[in-house]
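Dropping start17.cif in here (mmCIF, N, CA and C atoms):
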data_target
#
loop_
_atom_site.label_atom_id
_atom_site.label_comp_id
_atom_site.auth_asym_id
_atom_site.auth_seq_id
_atom_site.Cartn_x
_atom_site.Cartn_y
_atom_site.Cartn_z
N MET A 633 0.83 -1.19 0.00
CA MET A 633 0.00 0.00 0.00
C MET A 633 0.87 1.24 0.00
N SER A 634 0.41 2.24 -0.63
CA SER A 634 1.14 3.49 -0.70
C SER A 634 0.50 4.49 0.26
N SER A 635 1.34 5.25 0.95
CA SER A 635 0.81 6.25 1.88
C SER A 635 0.75 7.62 1.24
N GLU A 636 0.91 7.66 -0.08
CA GLU A 636 0.86 8.94 -0.77
C GLU A 636 -0.57 9.45 -0.85
N SER A 637 -0.73 10.74 -0.71
CA SER A 637 -2.06 11.33 -0.84
C SER A 637 -2.36 11.52 -2.32
N PRO A 638 -3.64 11.58 -2.69
CA PRO A 638 -3.96 11.76 -4.10
C PRO A 638 -3.41 13.09 -4.63
N ALA A 639 -3.12 13.07 -5.91
CA ALA A 639 -2.56 14.28 -6.53
C ALA A 639 -3.58 15.41 -6.48
N PRO A 640 -3.12 16.62 -6.17
CA PRO A 640 -4.06 17.76 -6.12
C PRO A 640 -4.59 18.07 -7.51
N ARG A 641 -5.74 18.67 -7.54
CA ARG A 641 -6.35 19.07 -8.81
C ARG A 641 -5.58 20.24 -9.38
N PRO A 642 -5.64 20.40 -10.70
CA PRO A 642 -4.96 21.55 -11.32
C PRO A 642 -5.48 22.85 -10.71
N GLY A 643 -4.59 23.74 -10.41
CA GLY A 643 -4.98 25.03 -9.86
C GLY A 643 -5.03 24.99 -8.34
N GLY A 644 -4.84 23.83 -7.74
CA GLY A 644 -4.81 23.72 -6.30
C GLY A 644 -6.16 23.82 -5.61
N THR A 645 -7.26 23.77 -6.38
CA THR A 645 -8.59 23.88 -5.77
C THR A 645 -9.02 22.50 -5.28
N PRO A 646 -9.62 22.45 -4.13
CA PRO A 646 -10.10 21.15 -3.63
C PRO A 646 -11.29 20.66 -4.45
N GLU A 647 -11.46 19.35 -4.44
CA GLU A 647 -12.58 18.76 -5.19
C GLU A 647 -13.89 19.14 -4.51
N PRO A 648 -14.88 19.60 -5.29
CA PRO A 648 -16.15 20.01 -4.67
C PRO A 648 -16.88 18.81 -4.08
N LYS A 649 -17.55 19.05 -2.95
CA LYS A 649 -18.31 17.98 -2.31
C LYS A 649 -19.64 17.81 -3.03
N LYS A 650 -20.07 16.55 -3.11
CA LYS A 650 -21.36 16.27 -3.74
C LYS A 650 -22.46 16.60 -2.74
N PRO A 651 -23.56 17.18 -3.19
CA PRO A 651 -24.66 17.47 -2.27
C PRO A 651 -25.32 16.16 -1.81
N VAL A 652 -25.82 16.20 -0.59
CA VAL A 652 -26.50 15.02 -0.05
C VAL A 652 -27.88 14.94 -0.70
N PRO A 653 -28.24 13.78 -1.26
CA PRO A 653 -29.54 13.66 -1.92
C PRO A 653 -30.69 13.81 -0.91
N TRP A 654 -31.76 14.44 -1.34
CA TRP A 654 -32.91 14.68 -0.45
C TRP A 654 -33.54 13.37 -0.02
N ARG A 655 -33.40 12.33 -0.82
CA ARG A 655 -33.99 11.04 -0.46
C ARG A 655 -33.33 10.46 0.79
N LEU A 656 -32.06 10.77 1.00
CA LEU A 656 -31.38 10.30 2.21
C LEU A 656 -32.01 10.94 3.44
N TYR A 657 -32.31 12.23 3.38
CA TYR A 657 -32.97 12.91 4.49
C TYR A 657 -34.35 12.30 4.75
N VAL A 658 -35.10 12.03 3.71
CA VAL A 658 -36.43 11.44 3.86
C VAL A 658 -36.30 10.05 4.49
N ALA A 659 -35.34 9.27 4.06
CA ALA A 659 -35.14 7.92 4.61
C ALA A 659 -34.79 7.99 6.09
N ILE A 660 -33.96 8.93 6.47
CA ILE A 660 -33.57 9.07 7.88
C ILE A 660 -34.80 9.44 8.72
N VAL A 661 -35.61 10.36 8.23
CA VAL A 661 -36.82 10.76 8.97
C VAL A 661 -37.78 9.58 9.10
N VAL A 662 -37.94 8.81 8.03
CA VAL A 662 -38.85 7.64 8.07
C VAL A 662 -38.35 6.61 9.08
N VAL A 663 -37.06 6.36 9.10
CA VAL A 663 -36.50 5.39 10.05
C VAL A 663 -36.69 5.86 11.49
N VAL A 664 -36.45 7.14 11.75
CA VAL A 664 -36.64 7.68 13.09
C VAL A 664 -38.11 7.56 13.50
N LEU A 665 -39.03 7.91 12.60
CA LEU A 665 -40.45 7.77 12.91
C LEU A 665 -40.83 6.32 13.17
N ALA A 666 -40.29 5.40 12.40
CA ALA A 666 -40.59 3.98 12.60
C ALA A 666 -40.11 3.51 13.97
N VAL A 667 -38.94 3.94 14.38
CA VAL A 667 -38.43 3.56 15.70
C VAL A 667 -39.32 4.12 16.80
N VAL A 668 -39.74 5.37 16.67
CA VAL A 668 -40.62 5.98 17.67
C VAL A 668 -41.95 5.23 17.73
N ILE A 669 -42.52 4.88 16.59
CA ILE A 669 -43.79 4.15 16.55
C ILE A 669 -43.65 2.79 17.22
N VAL A 670 -42.56 2.08 16.94
CA VAL A 670 -42.36 0.77 17.55
C VAL A 670 -42.21 0.89 19.06
N LEU A 671 -41.43 1.87 19.52
CA LEU A 671 -41.21 2.02 20.96
C LEU A 671 -42.49 2.43 21.70
N GLN A 672 -43.35 3.17 21.05
CA GLN A 672 -44.57 3.63 21.72
C GLN A 672 -45.74 2.67 21.58
N ASN A 673 -45.64 1.68 20.75
CA ASN A 673 -46.76 0.76 20.50
C ASN A 673 -46.37 -0.69 20.72
N ARG A 674 -45.75 -0.97 21.86
CA ARG A 674 -45.32 -2.33 22.16
C ARG A 674 -46.39 -3.12 22.92
N ALA A 675 -47.40 -2.45 23.41
CA ALA A 675 -48.44 -3.14 24.18
C ALA A 675 -49.24 -4.07 23.27
N PRO A 676 -49.60 -5.24 23.79
CA PRO A 676 -50.39 -6.16 22.97
C PRO A 676 -51.82 -5.66 22.80
N ALA A 677 -52.38 -5.96 21.66
CA ALA A 677 -53.76 -5.58 21.37
C ALA A 677 -54.43 -6.74 20.64
N THR A 678 -55.71 -6.86 20.80
CA THR A 678 -56.47 -7.91 20.12
C THR A 678 -57.04 -7.36 18.82
N PHE A 679 -56.80 -8.07 17.74
CA PHE A 679 -57.30 -7.66 16.43
C PHE A 679 -58.26 -8.72 15.92
N LYS A 680 -59.33 -8.26 15.35
CA LYS A 680 -60.34 -9.17 14.80
C LYS A 680 -60.47 -8.93 13.31
N VAL A 681 -60.34 -10.01 12.55
CA VAL A 681 -60.50 -9.95 11.10
C VAL A 681 -61.45 -11.08 10.73
N PHE A 682 -62.64 -10.70 10.28
CA PHE A 682 -63.70 -11.67 9.99
C PHE A 682 -63.92 -12.56 11.21
N ALA A 683 -63.67 -13.86 11.10
CA ALA A 683 -63.92 -14.77 12.21
C ALA A 683 -62.68 -14.99 13.08
N TRP A 684 -61.53 -14.49 12.63
CA TRP A 684 -60.29 -14.70 13.37
C TRP A 684 -60.08 -13.59 14.37
N SER A 685 -59.47 -13.96 15.47
CA SER A 685 -59.11 -12.99 16.50
C SER A 685 -57.71 -13.36 16.99
N PHE A 686 -56.83 -12.41 17.02
CA PHE A 686 -55.48 -12.71 17.48
C PHE A 686 -54.92 -11.51 18.23
N GLU A 687 -53.95 -11.82 19.09
CA GLU A 687 -53.32 -10.79 19.91
C GLU A 687 -51.87 -10.63 19.46
N THR A 688 -51.48 -9.40 19.20
CA THR A 688 -50.14 -9.09 18.75
C THR A 688 -49.81 -7.66 19.18
N PRO A 689 -48.53 -7.32 19.27
CA PRO A 689 -48.20 -5.93 19.57
C PRO A 689 -48.76 -5.00 18.48
N THR A 690 -49.16 -3.83 18.89
CA THR A 690 -49.77 -2.89 17.95
C THR A 690 -48.84 -2.55 16.80
N TRP A 691 -47.54 -2.42 17.07
CA TRP A 691 -46.62 -2.04 16.00
C TRP A 691 -46.55 -3.10 14.91
N VAL A 692 -46.75 -4.37 15.27
CA VAL A 692 -46.73 -5.44 14.26
C VAL A 692 -47.91 -5.25 13.30
N MET A 693 -49.08 -4.97 13.88
CA MET A 693 -50.26 -4.76 13.01
C MET A 693 -50.09 -3.50 12.17
N LEU A 694 -49.48 -2.47 12.72
CA LEU A 694 -49.22 -1.26 11.91
C LEU A 694 -48.26 -1.57 10.77
N ALA A 695 -47.24 -2.37 11.04
CA ALA A 695 -46.29 -2.74 9.98
C ALA A 695 -46.96 -3.58 8.90
N ILE A 696 -47.83 -4.50 9.30
CA ILE A 696 -48.56 -5.32 8.32
C ILE A 696 -49.47 -4.43 7.47
N THR A 697 -50.15 -3.50 8.12
CA THR A 697 -51.03 -2.59 7.38
C THR A 697 -50.24 -1.72 6.40
N LEU A 698 -49.09 -1.24 6.84
CA LEU A 698 -48.23 -0.44 5.96
C LEU A 698 -47.77 -1.27 4.76
N ALA A 699 -47.35 -2.50 5.01
CA ALA A 699 -46.89 -3.37 3.92
C ALA A 699 -48.01 -3.64 2.92
N LEU A 700 -49.22 -3.90 3.43
CA LEU A 700 -50.36 -4.11 2.53
C LEU A 700 -50.64 -2.85 1.70
N GLY A 701 -50.56 -1.69 2.32
CA GLY A 701 -50.78 -0.43 1.59
C GLY A 701 -49.75 -0.22 0.50
N VAL A 702 -48.49 -0.54 0.81
CA VAL A 702 -47.43 -0.38 -0.20
C VAL A 702 -47.67 -1.33 -1.37
N VAL A 703 -48.02 -2.57 -1.07
CA VAL A 703 -48.27 -3.56 -2.14
C VAL A 703 -49.46 -3.12 -3.00
N ILE A 704 -50.54 -2.69 -2.37
CA ILE A 704 -51.72 -2.25 -3.12
C ILE A 704 -51.38 -1.03 -3.98
N GLY A 705 -50.66 -0.07 -3.41
CA GLY A 705 -50.24 1.10 -4.18
C GLY A 705 -49.36 0.74 -5.35
N TRP A 706 -48.43 -0.19 -5.14
CA TRP A 706 -47.55 -0.62 -6.23
C TRP A 706 -48.35 -1.30 -7.32
N LEU A 707 -49.29 -2.17 -6.92
CA LEU A 707 -50.11 -2.87 -7.91
C LEU A 707 -50.97 -1.89 -8.72
N LEU A 708 -51.56 -0.91 -8.06
CA LEU A 708 -52.37 0.07 -8.78
C LEU A 708 -51.52 0.93 -9.72
N HIS A 709 -50.32 1.29 -9.26
CA HIS A 709 -49.41 2.08 -10.10
C HIS A 709 -48.98 1.24 -11.31
N TYR A 710 -48.66 -0.03 -11.08
CA TYR A 710 -48.24 -0.91 -12.16
C TYR A 710 -49.38 -1.10 -13.17
N ARG A 711 -50.59 -1.26 -12.67
CA ARG A 711 -51.74 -1.42 -13.56
C ARG A 711 -51.96 -0.17 -14.41
N ARG A 712 -51.86 0.99 -13.77
CA ARG A 712 -52.05 2.25 -14.48
C ARG A 712 -50.96 2.44 -15.53
N LYS A 713 -49.74 2.04 -15.17
CA LYS A 713 -48.61 2.19 -16.09
C LYS A 713 -48.78 1.30 -17.32
N THR A 714 -49.23 0.05 -17.12
CA THR A 714 -49.41 -0.86 -18.25
C THR A 714 -50.60 -0.49 -19.12
N SER A 715 -51.64 0.10 -18.51
CA SER A 715 -52.80 0.48 -19.30
C SER A 715 -52.48 1.69 -20.19
N LYS A 716 -51.55 2.55 -19.76
CA LYS A 716 -51.14 3.69 -20.59
C LYS A 716 -50.33 3.22 -21.80
N LYS A 717 -49.56 2.15 -21.62
CA LYS A 717 -48.73 1.64 -22.73
C LYS A 717 -49.59 1.07 -23.84
N LYS A 718 -50.74 0.50 -23.49
CA LYS A 718 -51.63 -0.14 -24.48
C LYS A 718 -52.30 0.87 -25.39
N LYS A 719 -52.47 2.09 -24.91
CA LYS A 719 -53.18 3.10 -25.70
C LYS A 719 -52.35 3.63 -26.83
#
Serialized structure, structure tokens:
Amino acid sequence: MSSESPAPRPGGTPEPKKPVPWRLYVAIVVVVLAVVIVLQNRAPATFKVFAWSFETPTWVMLAITLALGVVIGWLLHYRRKTSKKKK
């Protein structure tokens, strides 16, 4: 390995830093919110769906509901996208 530092740019100016993408900030906020939701909703709750009844922590049911919403949204977006291609 070489301990040499990289060659300076012509003119001696430092390399400009790349801006942080806004999606990274959104992802950080979403992760923080998810952690807060999990920590505040650890108590078990009974959920009833048709004839089934089960007890699970509230955050688990919220995560399942979120996942179902994402899948449904993706399917509707995919359907809309394919129907536009046919026209």
* Asked: Which of these residues is nearest to A:Val670, using all atoms listed in the file: A:Pro648, A:Trp691, A:Phe682, A:Gly701?
  ->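 Using all atoms listed in the file, A:Val670 sits closest to A:Trp691.
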* So what do you get for atom C of A:Thr690 versus atom CA of A:Tyr657, distance-wise? ->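 Interatomic distance, atom C of A:Thr690 to atom CA of A:Tyr657: 25.3 Å.
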* To do: Using DSSP on the backbone, list every residue of stretch 652-706 of chain A that comes out as strand (DSSP E or B), and give them as a PyMOL selection string.
  => chain A and resi 676-681+684-689
* **Point-to-point distance in Å for atom C of A:Gln672 and atom N of A:Thr688** => 13.6 Å
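Between atom CA of A:Thr678 and atom CA of A:Val692 lies a distance of 11.6 Å.
Contact shell of A:Ile669 at 12 Å (only C-alpha atoms; same-chain neighbours under 2 positions omitted): Val662, Val663, Val664, Leu665, Ala666, Val667, Leu671, Gln672, Asn673, Arg674, Ala675, Pro689, Thr690, Trp691, Val692, Met693, Leu694 and Ala695 of chain A.
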Assuming 4 Å of padding per side, give the centre and edge lengths of the axis-aligned box around every listed atom of stretch 703-711 of chain A, in Å to one decimal and as lines of an AutoDock Vina configuration file.
center_x = -50.0
center_y = -0.7
center_z = -7.7
size_x = 12.8
size_y = 13.6
size_z = 21.3
